[in-house]
$ cat target_30.cif   # mmCIF, C-alpha atoms
data_start
#
loop_
_atom_site.label_atom_id
_atom_site.label_comp_id
_atom_site.auth_asym_id
_atom_site.auth_seq_id
_atom_site.Cartn_x
_atom_site.Cartn_y
_atom_site.Cartn_z
CA MET G 1 -19.50 -75.54 -92.31
CA SER G 2 -19.94 -78.71 -94.32
CA THR G 3 -19.65 -82.27 -93.05
CA TYR G 4 -17.66 -84.78 -95.08
CA LEU G 5 -17.32 -88.55 -94.84
CA THR G 6 -14.33 -90.19 -96.51
CA ILE G 7 -14.53 -93.94 -97.08
CA LEU G 8 -11.02 -95.24 -96.34
CA GLY G 9 -11.92 -98.92 -96.45
CA PHE G 10 -15.05 -101.04 -96.69
CA ASN G 11 -13.90 -104.63 -97.16
CA SER G 12 -14.66 -107.48 -94.78
CA ALA G 13 -12.16 -109.87 -93.24
CA ILE G 14 -9.01 -109.28 -95.32
CA PRO G 15 -7.55 -106.53 -97.50
CA THR G 16 -7.71 -106.95 -101.26
CA ILE G 17 -5.94 -105.23 -104.13
CA ASN G 18 -8.87 -102.87 -104.62
CA SER G 19 -10.21 -102.37 -101.11
CA SER G 20 -9.07 -102.08 -97.51
CA PRO G 21 -10.85 -103.25 -94.34
CA THR G 22 -13.28 -100.96 -92.58
CA ALA G 23 -12.19 -97.41 -91.79
CA GLN G 24 -13.85 -94.04 -92.25
CA LEU G 25 -12.87 -90.43 -91.69
CA LEU G 26 -15.62 -88.06 -90.59
CA GLU G 27 -15.06 -84.30 -90.66
CA MET G 28 -17.82 -82.54 -88.73
CA GLU G 29 -17.87 -79.02 -87.29
CA GLU G 30 -14.12 -78.66 -87.88
CA ARG G 31 -13.49 -81.84 -85.88
CA MET G 32 -11.92 -84.93 -87.39
CA PHE G 33 -12.98 -88.41 -86.25
CA LEU G 34 -11.58 -91.79 -87.33
CA ILE G 35 -14.14 -94.60 -87.22
CA ASP G 36 -12.60 -98.08 -87.13
CA CYS G 37 -9.02 -98.68 -88.18
CA GLY G 38 -8.50 -101.82 -90.24
CA GLU G 39 -5.12 -102.83 -91.63
CA GLY G 40 -3.64 -100.19 -93.93
CA THR G 41 -5.73 -97.32 -92.62
CA GLN G 42 -2.80 -94.92 -92.24
CA VAL G 43 -1.88 -95.45 -95.89
CA GLN G 44 -5.46 -94.61 -96.86
CA LEU G 45 -5.34 -91.52 -94.64
CA ARG G 46 -2.28 -90.36 -96.53
CA LYS G 47 -3.97 -90.97 -99.87
CA ALA G 48 -6.91 -88.92 -98.60
CA LYS G 49 -4.44 -86.16 -97.64
CA ALA G 50 -5.77 -86.13 -94.08
CA ARG G 51 -3.95 -84.00 -91.53
CA PHE G 52 -2.74 -86.44 -88.86
CA SER G 53 -2.30 -83.60 -86.38
CA LYS G 54 -6.05 -82.90 -86.41
CA LEU G 55 -6.97 -86.51 -85.62
CA ASN G 56 -7.65 -86.55 -81.87
CA HIS G 57 -10.54 -89.01 -81.50
CA ILE G 58 -10.68 -92.61 -82.75
CA PHE G 59 -13.79 -94.78 -82.43
CA ILE G 60 -13.40 -98.57 -82.69
CA SER G 61 -16.57 -100.62 -83.06
CA HIS G 62 -15.20 -103.98 -81.94
CA LEU G 63 -11.99 -105.93 -81.55
CA HIS G 64 -12.05 -108.13 -84.64
CA GLY G 65 -8.86 -107.57 -86.57
CA ASP G 66 -10.36 -106.11 -89.72
CA HIS G 67 -11.62 -103.20 -87.61
CA CYS G 68 -8.63 -102.50 -85.37
CA PHE G 69 -5.37 -104.06 -86.62
CA GLY G 70 -4.33 -100.75 -88.19
CA LEU G 71 -4.49 -98.91 -84.88
CA PRO G 72 -1.12 -99.88 -83.30
CA GLY G 73 0.75 -98.86 -86.43
CA LEU G 74 -1.11 -95.59 -86.72
CA ILE G 75 -0.36 -94.69 -83.11
CA ALA G 76 3.31 -95.60 -83.59
CA SER G 77 3.41 -93.29 -86.61
CA PHE G 78 1.96 -90.46 -84.54
CA ARG G 79 5.03 -90.66 -82.30
CA LEU G 80 7.40 -90.60 -85.28
CA LEU G 81 5.57 -87.55 -86.59
CA GLY G 82 6.25 -85.73 -83.32
CA ARG G 83 2.81 -85.79 -81.78
CA THR G 84 2.56 -84.38 -78.25
CA THR G 85 -1.20 -83.81 -77.83
CA PRO G 86 -3.44 -86.44 -76.19
CA LEU G 87 -5.21 -89.02 -78.34
CA HIS G 88 -8.66 -90.25 -77.28
CA VAL G 89 -9.46 -93.87 -78.15
CA TYR G 90 -13.02 -95.16 -77.72
CA GLY G 91 -13.70 -98.87 -77.95
CA PRO G 92 -14.75 -102.07 -76.20
CA LYS G 93 -13.31 -103.00 -72.84
CA GLY G 94 -10.00 -104.70 -73.58
CA ILE G 95 -8.75 -102.22 -76.15
CA LYS G 96 -6.35 -100.67 -73.64
CA LYS G 97 -4.88 -104.05 -72.73
CA MET G 98 -4.52 -104.98 -76.41
CA LEU G 99 -2.70 -101.80 -77.37
CA GLU G 100 -0.56 -101.45 -74.26
CA THR G 101 0.57 -105.08 -74.56
CA ILE G 102 1.69 -104.47 -78.14
CA PHE G 103 3.48 -101.25 -77.16
CA THR G 104 5.21 -102.96 -74.24
CA ILE G 105 6.40 -106.02 -76.17
CA THR G 106 7.57 -103.96 -79.14
CA GLU G 107 9.06 -101.25 -76.92
CA THR G 108 7.04 -98.62 -78.73
CA HIS G 109 7.59 -95.40 -76.82
CA ARG G 110 5.15 -92.54 -77.04
CA GLY G 111 5.59 -88.85 -76.44
CA PHE G 112 1.89 -88.26 -75.91
CA GLU G 113 -0.96 -89.51 -73.72
CA ILE G 114 -3.55 -92.01 -74.90
CA VAL G 115 -6.85 -91.46 -73.11
CA TYR G 116 -8.83 -94.70 -73.22
CA HIS G 117 -12.63 -94.68 -73.11
CA GLU G 118 -13.53 -98.35 -72.67
CA LEU G 119 -17.12 -99.30 -73.36
CA ASP G 120 -19.14 -102.20 -71.97
CA LYS G 121 -22.76 -101.03 -71.77
CA LYS G 122 -25.49 -102.71 -73.78
CA VAL G 123 -27.60 -99.55 -73.97
CA SER G 124 -26.88 -96.38 -75.91
CA GLU G 125 -24.82 -93.79 -74.06
CA LYS G 126 -23.34 -90.40 -74.84
CA ILE G 127 -19.57 -90.76 -74.99
CA TYR G 128 -18.47 -87.41 -76.43
CA GLU G 129 -19.81 -83.88 -76.31
CA ASP G 130 -18.57 -80.39 -77.04
CA LYS G 131 -20.26 -77.10 -77.90
CA ARG G 132 -21.12 -78.20 -81.41
CA LEU G 133 -21.80 -81.94 -81.48
CA GLU G 134 -22.47 -85.15 -79.59
CA VAL G 135 -21.54 -88.79 -80.14
CA PHE G 136 -23.62 -91.73 -78.91
CA THR G 137 -23.05 -95.48 -79.01
CA ILE G 138 -25.38 -97.72 -81.01
CA PRO G 139 -25.40 -101.17 -79.33
CA LEU G 140 -25.16 -103.90 -81.99
CA ASP G 141 -25.46 -107.68 -82.06
CA HIS G 142 -22.28 -109.36 -83.31
CA ARG G 143 -20.30 -112.39 -82.18
CA ILE G 144 -18.38 -110.20 -79.74
CA TYR G 145 -19.25 -106.92 -78.02
CA CYS G 146 -19.79 -104.28 -80.69
CA ASN G 147 -21.05 -100.71 -80.99
CA GLY G 148 -21.97 -98.45 -83.83
CA TYR G 149 -21.67 -94.69 -83.40
CA LEU G 150 -24.10 -91.83 -83.93
CA PHE G 151 -22.65 -88.39 -84.64
CA LYS G 152 -25.06 -85.46 -84.26
CA GLU G 153 -24.54 -81.76 -84.69
CA LYS G 154 -26.25 -79.74 -82.00
CA PRO G 155 -28.94 -77.23 -83.10
CA LYS G 156 -27.20 -74.28 -84.71
CA GLU G 157 -27.66 -70.64 -83.82
CA ARG G 158 -30.20 -68.62 -85.75
CA HIS G 159 -28.97 -66.00 -88.23
CA LEU G 160 -29.49 -62.34 -87.43
CA ASN G 161 -31.65 -60.38 -89.86
CA MET G 162 -29.77 -57.11 -89.61
CA ALA G 163 -32.20 -55.23 -91.85
CA ALA G 164 -35.06 -56.09 -89.50
CA ILE G 165 -33.01 -55.46 -86.37
CA SER G 166 -32.02 -51.98 -87.55
CA GLU G 167 -35.69 -50.94 -87.37
CA PHE G 168 -35.61 -51.31 -83.58
CA PRO G 169 -33.08 -48.92 -81.97
CA GLU G 170 -33.61 -50.57 -78.59
CA ILE G 171 -31.89 -53.73 -79.81
CA GLU G 172 -28.19 -53.48 -78.97
CA ILE G 173 -25.19 -55.64 -79.75
CA CYS G 174 -25.42 -57.20 -76.28
CA ASP G 175 -28.86 -58.58 -77.27
CA TYR G 176 -27.61 -60.39 -80.36
CA GLN G 177 -26.66 -63.64 -78.64
CA ASN G 178 -30.12 -63.99 -77.10
CA LEU G 179 -31.60 -63.52 -80.56
CA ARG G 180 -29.26 -66.16 -81.99
CA ASN G 181 -30.43 -68.47 -79.21
CA GLY G 182 -34.05 -68.04 -80.36
CA LYS G 183 -35.32 -65.65 -77.70
CA ASP G 184 -37.88 -62.95 -78.44
CA PHE G 185 -36.98 -59.32 -77.75
CA VAL G 186 -38.99 -57.43 -75.14
CA CYS G 187 -39.05 -53.65 -75.53
CA GLU G 188 -39.03 -51.24 -72.61
CA ASP G 189 -42.78 -50.65 -73.02
CA GLY G 190 -43.42 -54.38 -72.73
CA THR G 191 -43.98 -55.01 -76.43
CA THR G 192 -42.60 -58.36 -77.59
CA ILE G 193 -40.94 -58.67 -80.97
CA PRO G 194 -41.05 -62.34 -82.05
CA ASN G 195 -37.66 -63.86 -82.73
CA ALA G 196 -38.83 -65.02 -86.18
CA GLU G 197 -39.11 -61.37 -87.24
CA LEU G 198 -35.52 -60.66 -86.27
CA THR G 199 -33.70 -63.81 -87.33
CA THR G 200 -33.72 -66.47 -90.03
CA ASP G 201 -33.48 -70.22 -89.71
CA PRO G 202 -30.01 -71.76 -89.43
CA LYS G 203 -28.81 -74.55 -91.67
CA PRO G 204 -30.23 -77.90 -90.51
CA SER G 205 -28.01 -79.89 -88.17
CA VAL G 206 -26.39 -82.94 -89.75
CA SER G 207 -26.33 -86.47 -88.35
CA TYR G 208 -24.43 -89.61 -89.34
CA ALA G 209 -24.85 -93.18 -88.07
CA PHE G 210 -22.18 -95.85 -88.45
CA CYS G 211 -23.44 -99.39 -87.89
CA SER G 212 -20.62 -101.90 -88.00
CA ASP G 213 -20.88 -105.70 -87.83
CA THR G 214 -24.26 -106.79 -86.55
CA ARG G 215 -27.18 -109.11 -87.03
CA TYR G 216 -30.47 -107.51 -88.08
CA LYS G 217 -31.45 -105.42 -85.05
CA GLU G 218 -34.64 -103.38 -85.21
CA ASP G 219 -34.23 -101.80 -81.80
CA ILE G 220 -31.54 -99.48 -83.21
CA ILE G 221 -34.19 -97.79 -85.38
CA PRO G 222 -35.26 -95.19 -82.77
CA LEU G 223 -31.59 -94.26 -82.23
CA ILE G 224 -30.90 -93.59 -85.91
CA LYS G 225 -34.31 -92.20 -86.88
CA ASN G 226 -34.07 -89.59 -89.66
CA VAL G 227 -30.27 -89.45 -89.81
CA ASP G 228 -28.95 -87.84 -92.97
CA VAL G 229 -26.66 -90.74 -93.84
CA LEU G 230 -26.53 -94.28 -92.49
CA TYR G 231 -23.65 -96.66 -93.04
CA HIS G 232 -24.79 -100.22 -92.38
CA GLU G 233 -22.89 -103.42 -92.96
CA SER G 234 -24.34 -105.63 -95.70
CA THR G 235 -22.10 -108.68 -95.76
CA PHE G 236 -24.37 -111.08 -97.65
CA LEU G 237 -27.25 -111.23 -100.06
CA HIS G 238 -30.50 -112.34 -98.45
CA GLU G 239 -30.27 -115.83 -99.92
CA LEU G 240 -27.55 -116.39 -97.30
CA LYS G 241 -29.68 -115.10 -94.44
CA GLU G 242 -28.91 -118.16 -92.30
CA MET G 243 -25.18 -117.65 -92.72
CA ALA G 244 -25.59 -113.97 -91.86
CA ASP G 245 -27.34 -114.86 -88.61
CA TYR G 246 -24.77 -117.53 -87.76
CA THR G 247 -21.79 -115.24 -88.33
CA GLY G 248 -23.38 -112.16 -86.77
CA HIS G 249 -23.94 -110.17 -89.94
CA THR G 250 -26.67 -108.50 -92.01
CA THR G 251 -27.91 -108.95 -95.55
CA ALA G 252 -28.31 -106.15 -98.08
CA GLN G 253 -32.09 -106.53 -97.87
CA GLU G 254 -32.00 -106.25 -94.09
CA ALA G 255 -29.77 -103.17 -94.14
CA ALA G 256 -32.18 -101.54 -96.58
CA THR G 257 -35.09 -102.47 -94.33
CA ILE G 258 -33.42 -100.77 -91.38
CA ALA G 259 -32.82 -97.68 -93.54
CA LYS G 260 -36.43 -97.61 -94.71
CA LYS G 261 -37.92 -98.04 -91.24
CA ALA G 262 -35.59 -95.42 -89.79
CA GLU G 263 -36.45 -93.04 -92.64
CA VAL G 264 -32.82 -92.11 -93.20
CA GLY G 265 -31.73 -89.84 -96.02
CA LYS G 266 -29.20 -92.17 -97.62
CA LEU G 267 -27.85 -95.68 -97.04
CA ILE G 268 -24.22 -96.58 -97.69
CA MET G 269 -23.54 -100.30 -97.56
CA GLY G 270 -20.26 -102.05 -96.85
CA HIS G 271 -18.33 -104.97 -95.31
CA PHE G 272 -19.12 -107.24 -98.25
CA SER G 273 -18.18 -110.89 -98.31
CA ASN G 274 -15.28 -111.65 -100.66
CA ARG G 275 -17.46 -114.19 -102.42
CA TYR G 276 -19.04 -111.36 -104.43
CA ASP G 277 -16.99 -110.18 -107.40
CA ASP G 278 -19.74 -107.90 -108.70
CA LEU G 279 -21.00 -105.73 -105.85
CA THR G 280 -23.86 -104.26 -107.87
CA VAL G 281 -25.88 -107.29 -106.75
CA MET G 282 -25.94 -105.61 -103.34
CA THR G 283 -27.56 -102.39 -104.56
CA THR G 284 -29.93 -104.36 -106.78
CA GLU G 285 -31.24 -106.21 -103.72
CA ALA G 286 -31.22 -103.19 -101.39
CA ARG G 287 -32.93 -100.77 -103.78
CA GLU G 288 -35.97 -103.02 -104.02
CA VAL G 289 -36.57 -102.01 -100.39
CA PHE G 290 -34.82 -98.64 -100.09
CA PRO G 291 -34.06 -96.92 -103.42
CA ASN G 292 -31.52 -94.49 -101.94
CA SER G 293 -28.97 -97.25 -101.29
CA TYR G 294 -25.39 -96.94 -102.51
CA LEU G 295 -22.10 -98.80 -102.71
CA PRO G 296 -19.04 -97.16 -101.17
CA LYS G 297 -16.01 -96.21 -103.22
CA ALA G 298 -12.47 -96.25 -101.84
CA LEU G 299 -11.36 -92.73 -100.87
CA GLU G 300 -14.73 -91.31 -101.91
CA CYS G 301 -15.50 -88.06 -100.06
CA ILE G 302 -19.22 -87.71 -99.40
CA LYS G 303 -20.75 -84.39 -98.40
CA LEU G 304 -23.50 -84.90 -95.84
#

$ encode --input "target_30.cif" --output "structure tokens"
Amino acid sequence: MSTYLTILGFNSAIPTINSSPTAQLLEMEERMFLIDCGEGTQVQLRKAKARFSKLNHIFISHLHGDHCFGLPGLIASFRLLGRTTPLHVYGPKGIKKMLETIFTITETHRGFEIVYHELDKKVSEKIYEDKRLEVFTIPLDHRIYCNGYLFKEKPKERHLNMAAISEFPEIEICDYQNLRNGKDFVCEDGTTIPNAELTTDPKPSVSYAFCSDTRYKEDIIPLIKNVDVLYHESTFLHELKEMADYTGHTTAQEAATIAKKAEVGKLIMGHFSNRYDDLTVMTTEAREVFPNSYLPKALECIKL
């Protein structure tokens, strides 16, 4: 099963004609996750031909408008589309009050439950887990409480080598799961057949790290070490380093430095200041530090 990341929006502060505020759709292990929900996200979801019925988990990094103002409208649309299944919303403490106040004042009625997972810890924590993957917070340093999110597939089962297995009549179907789990097979006479002789390696597990608005923060490096793809905000060029620090943001050079030190596979930048008409200046700066740095494209679907 492949993992896909769709860039719904990557602009900072306000929508423009050509780009929407931050929002991403991650499809991993047949699960669909929405990461941030800036204004206009549901329109972008429609353009991406996303199935709204499969969207059960939404992760909000922080409560600045360009990362969450699309959420009330999206939830209201879920009701109009006949949703009945629970929706899980993860975000900073206060997100429940924000949404429920809007729903109360506007008399927005829902036919489904919203399960709120409010976050307030300043250390990384596991906030989601199922049989196939895990999600962890990545504590960031912005003007208000903010988290990134790390999505990790769990180690996959090994593949059975049926040609090799057929040479050992003692191995029965009931033993297959143990072999998939990496266990050796012990014959009745005590002989051990190494698992590597009976199975082949699975596809590597995939990981994705989303780092929203933050100052340069090296202590996230151990959390995102060796991820396949890193999204990291890159609001300014490094010549505006002081402004980046003041406003709680990162420069393209700093994002690339994080990517290099974390030895990630690929860096996708975003959240650019509207002062830059030509965004290639961002990759020019970043690639001097980390060559595998890229600009996002609206509605681009990236295979991880």

$ resolve_selection --input "target_30.cif" --expression "the PyMOL selection byres ((chain G and resi 244-258) around 10)" --output "count of residues only"
58

$ closest_residue --input "target_30.cif" --among "G:Pro139, G:His88, G:Leu299, G:Lys96" --to "G:Gly9" --atoms "all atoms listed in the file"
G:Leu299

$ axis_aligned_box --input "target_30.cif" --around "stretch 18-30 of chain G" --padding-each-side "8 Å" --output "AutoDock Vina command-line options"
--center_x -13.4 --center_y -91.0 --center_z -96.0 --size_x 25.0 --size_y 40.6 --size_z 33.3

$ residues_around --input "target_30.cif" --residues "G:His67" --least-positions-apart "2" --cutoff "8 Å" --atoms "only C-alpha atoms" --output "VMD selection string"
chain G and resid 21 to 23 36 to 39 60 to 65 69 to 70

$ resolve_selection --input "target_30.cif" --expression "the PyMOL selection byres ((chain G and resi 186-195) around 10)" --output "MDAnalysis selection string"
chainID G and resid 158 160:161 168:171 178:185 196:200

$ resolve_selection --input "target_30.cif" --expression "the PyMOL selection byres ((chain G and resi 103-112) around 10)" --output "JSON list (two decimals) with C-alpha atoms, in the coordinates of the input"
[["chain", "number", "residue", "atom", "x", "y", "z"],
["G", 72, "PRO", "CA", -1.12, -99.88, -83.30],
["G", 73, "GLY", "CA", 0.75, -98.86, -86.43],
["G", 75, "ILE", "CA", -0.36, -94.69, -83.11],
["G", 76, "ALA", "CA", 3.31, -95.60, -83.59],
["G", 77, "SER", "CA", 3.41, -93.29, -86.61],
["G", 78, "PHE", "CA", 1.96, -90.46, -84.54],
["G", 79, "ARG", "CA", 5.03, -90.66, -82.30],
["G", 80, "LEU", "CA", 7.40, -90.60, -85.28],
["G", 82, "GLY", "CA", 6.25, -85.73, -83.32],
["G", 83, "ARG", "CA", 2.81, -85.79, -81.78],
["G", 84, "THR", "CA", 2.56, -84.38, -78.25],
["G", 85, "THR", "CA", -1.20, -83.81, -77.83],
["G", 86, "PRO", "CA", -3.44, -86.44, -76.19],
["G", 87, "LEU", "CA", -5.21, -89.02, -78.34],
["G", 97, "LYS", "CA", -4.88, -104.05, -72.73],
["G", 98, "MET", "CA", -4.52, -104.98, -76.41],
["G", 99, "LEU", "CA", -2.70, -101.80, -77.37],
["G", 100, "GLU", "CA", -0.56, -101.45, -74.26],
["G", 101, "THR", "CA", 0.57, -105.08, -74.56],
["G", 102, "ILE", "CA", 1.69, -104.47, -78.14],
["G", 113, "GLU", "CA", -0.96, -89.51, -73.72],
["G", 114, "ILE", "CA", -3.55, -92.01, -74.90],
["G", 115, "VAL", "CA", -6.85, -91.46, -73.11]]

$ closest_residue --input "target_30.cif" --among "G:His57, G:Arg51, G:His159, G:Lys303" --to "G:Tyr128" --atoms "only C-alpha atoms"
G:His57

$ atom_distance --input "target_30.cif" --atom1 "atom CA of G:Leu26" --atom2 "atom CA of G:Ala298"
14.3 Å

$ residues_around --input "target_30.cif" --residues "G:Ile138" --least-positions-apart "6" --cutoff "6 Å" --atoms "only C-alpha atoms" --output "PyMOL selection string"
chain G and resi 124+147-149

$ decode --input "target_30.cif" --residues "stretch 43-53 of chain G" --atoms "all heavy atoms" --output "PDB file, in the first residue's frame"
ATOM      1  N   VAL G  43     -12.923  23.275  -0.262  1.00  0.00           N
ATOM      2  CA  VAL G  43     -12.925  23.443  -1.714  1.00  0.00           C
ATOM      3  C   VAL G  43     -11.743  22.700  -2.315  1.00  0.00           C
ATOM      4  O   VAL G  43     -11.865  22.002  -3.335  1.00  0.00           O
ATOM      5  CB  VAL G  43     -12.874  24.939  -2.091  1.00  0.00           C
ATOM      6  CG1 VAL G  43     -12.735  25.095  -3.607  1.00  0.00           C
ATOM      7  CG2 VAL G  43     -14.123  25.655  -1.589  1.00  0.00           C
ATOM      8  N   GLN G  44     -10.579  22.809  -1.660  1.00  0.00           N
ATOM      9  CA  GLN G  44      -9.387  22.109  -2.137  1.00  0.00           C
ATOM     10  C   GLN G  44      -9.567  20.595  -2.044  1.00  0.00           C
ATOM     11  O   GLN G  44      -9.097  19.847  -2.906  1.00  0.00           O
ATOM     12  CB  GLN G  44      -8.158  22.552  -1.336  1.00  0.00           C
ATOM     13  CG  GLN G  44      -7.768  24.015  -1.530  1.00  0.00           C
ATOM     14  CD  GLN G  44      -7.401  24.313  -2.972  1.00  0.00           C
ATOM     15  OE1 GLN G  44      -8.228  24.759  -3.765  1.00  0.00           O
ATOM     16  NE2 GLN G  44      -6.145  24.055  -3.322  1.00  0.00           N
ATOM     17  N   LEU G  45     -10.243  20.135  -1.000  1.00  0.00           N
ATOM     18  CA  LEU G  45     -10.523  18.703  -0.873  1.00  0.00           C
ATOM     19  C   LEU G  45     -11.377  18.216  -2.039  1.00  0.00           C
ATOM     20  O   LEU G  45     -11.166  17.121  -2.568  1.00  0.00           O
ATOM     21  CB  LEU G  45     -11.224  18.422   0.452  1.00  0.00           C
ATOM     22  CG  LEU G  45     -10.356  18.442   1.715  1.00  0.00           C
ATOM     23  CD1 LEU G  45     -11.226  18.449   2.964  1.00  0.00           C
ATOM     24  CD2 LEU G  45      -9.402  17.245   1.744  1.00  0.00           C
ATOM     25  N   ARG G  46     -12.332  19.028  -2.438  1.00  0.00           N
ATOM     26  CA  ARG G  46     -13.166  18.650  -3.577  1.00  0.00           C
ATOM     27  C   ARG G  46     -12.349  18.622  -4.867  1.00  0.00           C
ATOM     28  O   ARG G  46     -12.518  17.722  -5.699  1.00  0.00           O
ATOM     29  CB  ARG G  46     -14.346  19.613  -3.708  1.00  0.00           C
ATOM     30  CG  ARG G  46     -15.364  19.452  -2.597  1.00  0.00           C
ATOM     31  CD  ARG G  46     -16.644  20.212  -2.890  1.00  0.00           C
ATOM     32  NE  ARG G  46     -17.606  20.034  -1.822  1.00  0.00           N
ATOM     33  CZ  ARG G  46     -18.379  18.968  -1.674  1.00  0.00           C
ATOM     34  NH1 ARG G  46     -18.280  17.966  -2.522  1.00  0.00           N
ATOM     35  NH2 ARG G  46     -19.240  18.896  -0.675  1.00  0.00           N
ATOM     36  N   LYS G  47     -11.482  19.601  -5.034  1.00  0.00           N
ATOM     37  CA  LYS G  47     -10.632  19.616  -6.225  1.00  0.00           C
ATOM     38  C   LYS G  47      -9.720  18.385  -6.258  1.00  0.00           C
ATOM     39  O   LYS G  47      -9.410  17.863  -7.318  1.00  0.00           O
ATOM     40  CB  LYS G  47      -9.791  20.888  -6.258  1.00  0.00           C
ATOM     41  CG  LYS G  47     -10.592  22.154  -6.551  1.00  0.00           C
ATOM     42  CD  LYS G  47      -9.692  23.378  -6.560  1.00  0.00           C
ATOM     43  CE  LYS G  47     -10.472  24.645  -6.856  1.00  0.00           C
ATOM     44  NZ  LYS G  47      -9.600  25.857  -6.830  1.00  0.00           N
ATOM     45  N   ALA G  48      -9.297  17.948  -5.064  1.00  0.00           N
ATOM     46  CA  ALA G  48      -8.442  16.762  -4.967  1.00  0.00           C
ATOM     47  C   ALA G  48      -9.237  15.466  -5.060  1.00  0.00           C
ATOM     48  O   ALA G  48      -8.648  14.379  -5.022  1.00  0.00           O
ATOM     49  CB  ALA G  48      -7.664  16.792  -3.654  1.00  0.00           C
ATOM     50  N   LYS G  49     -10.565  15.591  -5.174  1.00  0.00           N
ATOM     51  CA  LYS G  49     -11.467  14.442  -5.284  1.00  0.00           C
ATOM     52  C   LYS G  49     -11.339  13.510  -4.080  1.00  0.00           C
ATOM     53  O   LYS G  49     -11.399  12.285  -4.199  1.00  0.00           O
ATOM     54  CB  LYS G  49     -11.218  13.679  -6.585  1.00  0.00           C
ATOM     55  CG  LYS G  49     -11.473  14.530  -7.826  1.00  0.00           C
ATOM     56  CD  LYS G  49     -11.257  13.747  -9.116  1.00  0.00           C
ATOM     57  CE  LYS G  49     -11.549  14.626 -10.329  1.00  0.00           C
ATOM     58  NZ  LYS G  49     -11.322  13.905 -11.611  1.00  0.00           N
ATOM     59  N   ALA G  50     -11.163  14.129  -2.908  1.00  0.00           N
ATOM     60  CA  ALA G  50     -11.075  13.351  -1.669  1.00  0.00           C
ATOM     61  C   ALA G  50     -12.463  12.876  -1.254  1.00  0.00           C
ATOM     62  O   ALA G  50     -13.459  13.570  -1.461  1.00  0.00           O
ATOM     63  CB  ALA G  50     -10.463  14.196  -0.558  1.00  0.00           C
ATOM     64  N   ARG G  51     -12.514  11.704  -0.675  1.00  0.00           N
ATOM     65  CA  ARG G  51     -13.771  11.141  -0.177  1.00  0.00           C
ATOM     66  C   ARG G  51     -14.006  11.638   1.255  1.00  0.00           C
ATOM     67  O   ARG G  51     -13.328  11.207   2.190  1.00  0.00           O
ATOM     68  CB  ARG G  51     -13.733   9.626  -0.229  1.00  0.00           C
ATOM     69  CG  ARG G  51     -13.719   9.073  -1.661  1.00  0.00           C
ATOM     70  CD  ARG G  51     -13.617   7.560  -1.652  1.00  0.00           C
ATOM     71  NE  ARG G  51     -14.723   6.932  -0.934  1.00  0.00           N
ATOM     72  CZ  ARG G  51     -14.812   5.622  -0.702  1.00  0.00           C
ATOM     73  NH1 ARG G  51     -13.834   4.814  -1.111  1.00  0.00           N
ATOM     74  NH2 ARG G  51     -15.841   5.130  -0.040  1.00  0.00           N
ATOM     75  N   PHE G  52     -14.951  12.547   1.421  1.00  0.00           N
ATOM     76  CA  PHE G  52     -15.212  13.137   2.738  1.00  0.00           C
ATOM     77  C   PHE G  52     -15.573  12.072   3.762  1.00  0.00           C
ATOM     78  O   PHE G  52     -15.284  12.209   4.947  1.00  0.00           O
ATOM     79  CB  PHE G  52     -16.333  14.170   2.625  1.00  0.00           C
ATOM     80  CG  PHE G  52     -15.906  15.506   2.072  1.00  0.00           C
ATOM     81  CD1 PHE G  52     -14.992  15.594   1.028  1.00  0.00           C
ATOM     82  CD2 PHE G  52     -16.414  16.680   2.600  1.00  0.00           C
ATOM     83  CE1 PHE G  52     -14.605  16.810   0.516  1.00  0.00           C
ATOM     84  CE2 PHE G  52     -16.030  17.920   2.097  1.00  0.00           C
ATOM     85  CZ  PHE G  52     -15.118  17.984   1.051  1.00  0.00           C
ATOM     86  N   SER G  53     -16.220  11.003   3.309  1.00  0.00           N
ATOM     87  CA  SER G  53     -16.677   9.973   4.242  1.00  0.00           C
ATOM     88  C   SER G  53     -15.516   9.207   4.873  1.00  0.00           C
ATOM     89  O   SER G  53     -15.683   8.577   5.917  1.00  0.00           O
ATOM     90  CB  SER G  53     -17.606   8.989   3.532  1.00  0.00           C
ATOM     91  OG  SER G  53     -16.933   8.351   2.450  1.00  0.00           O
TER      92      SER G  53
END
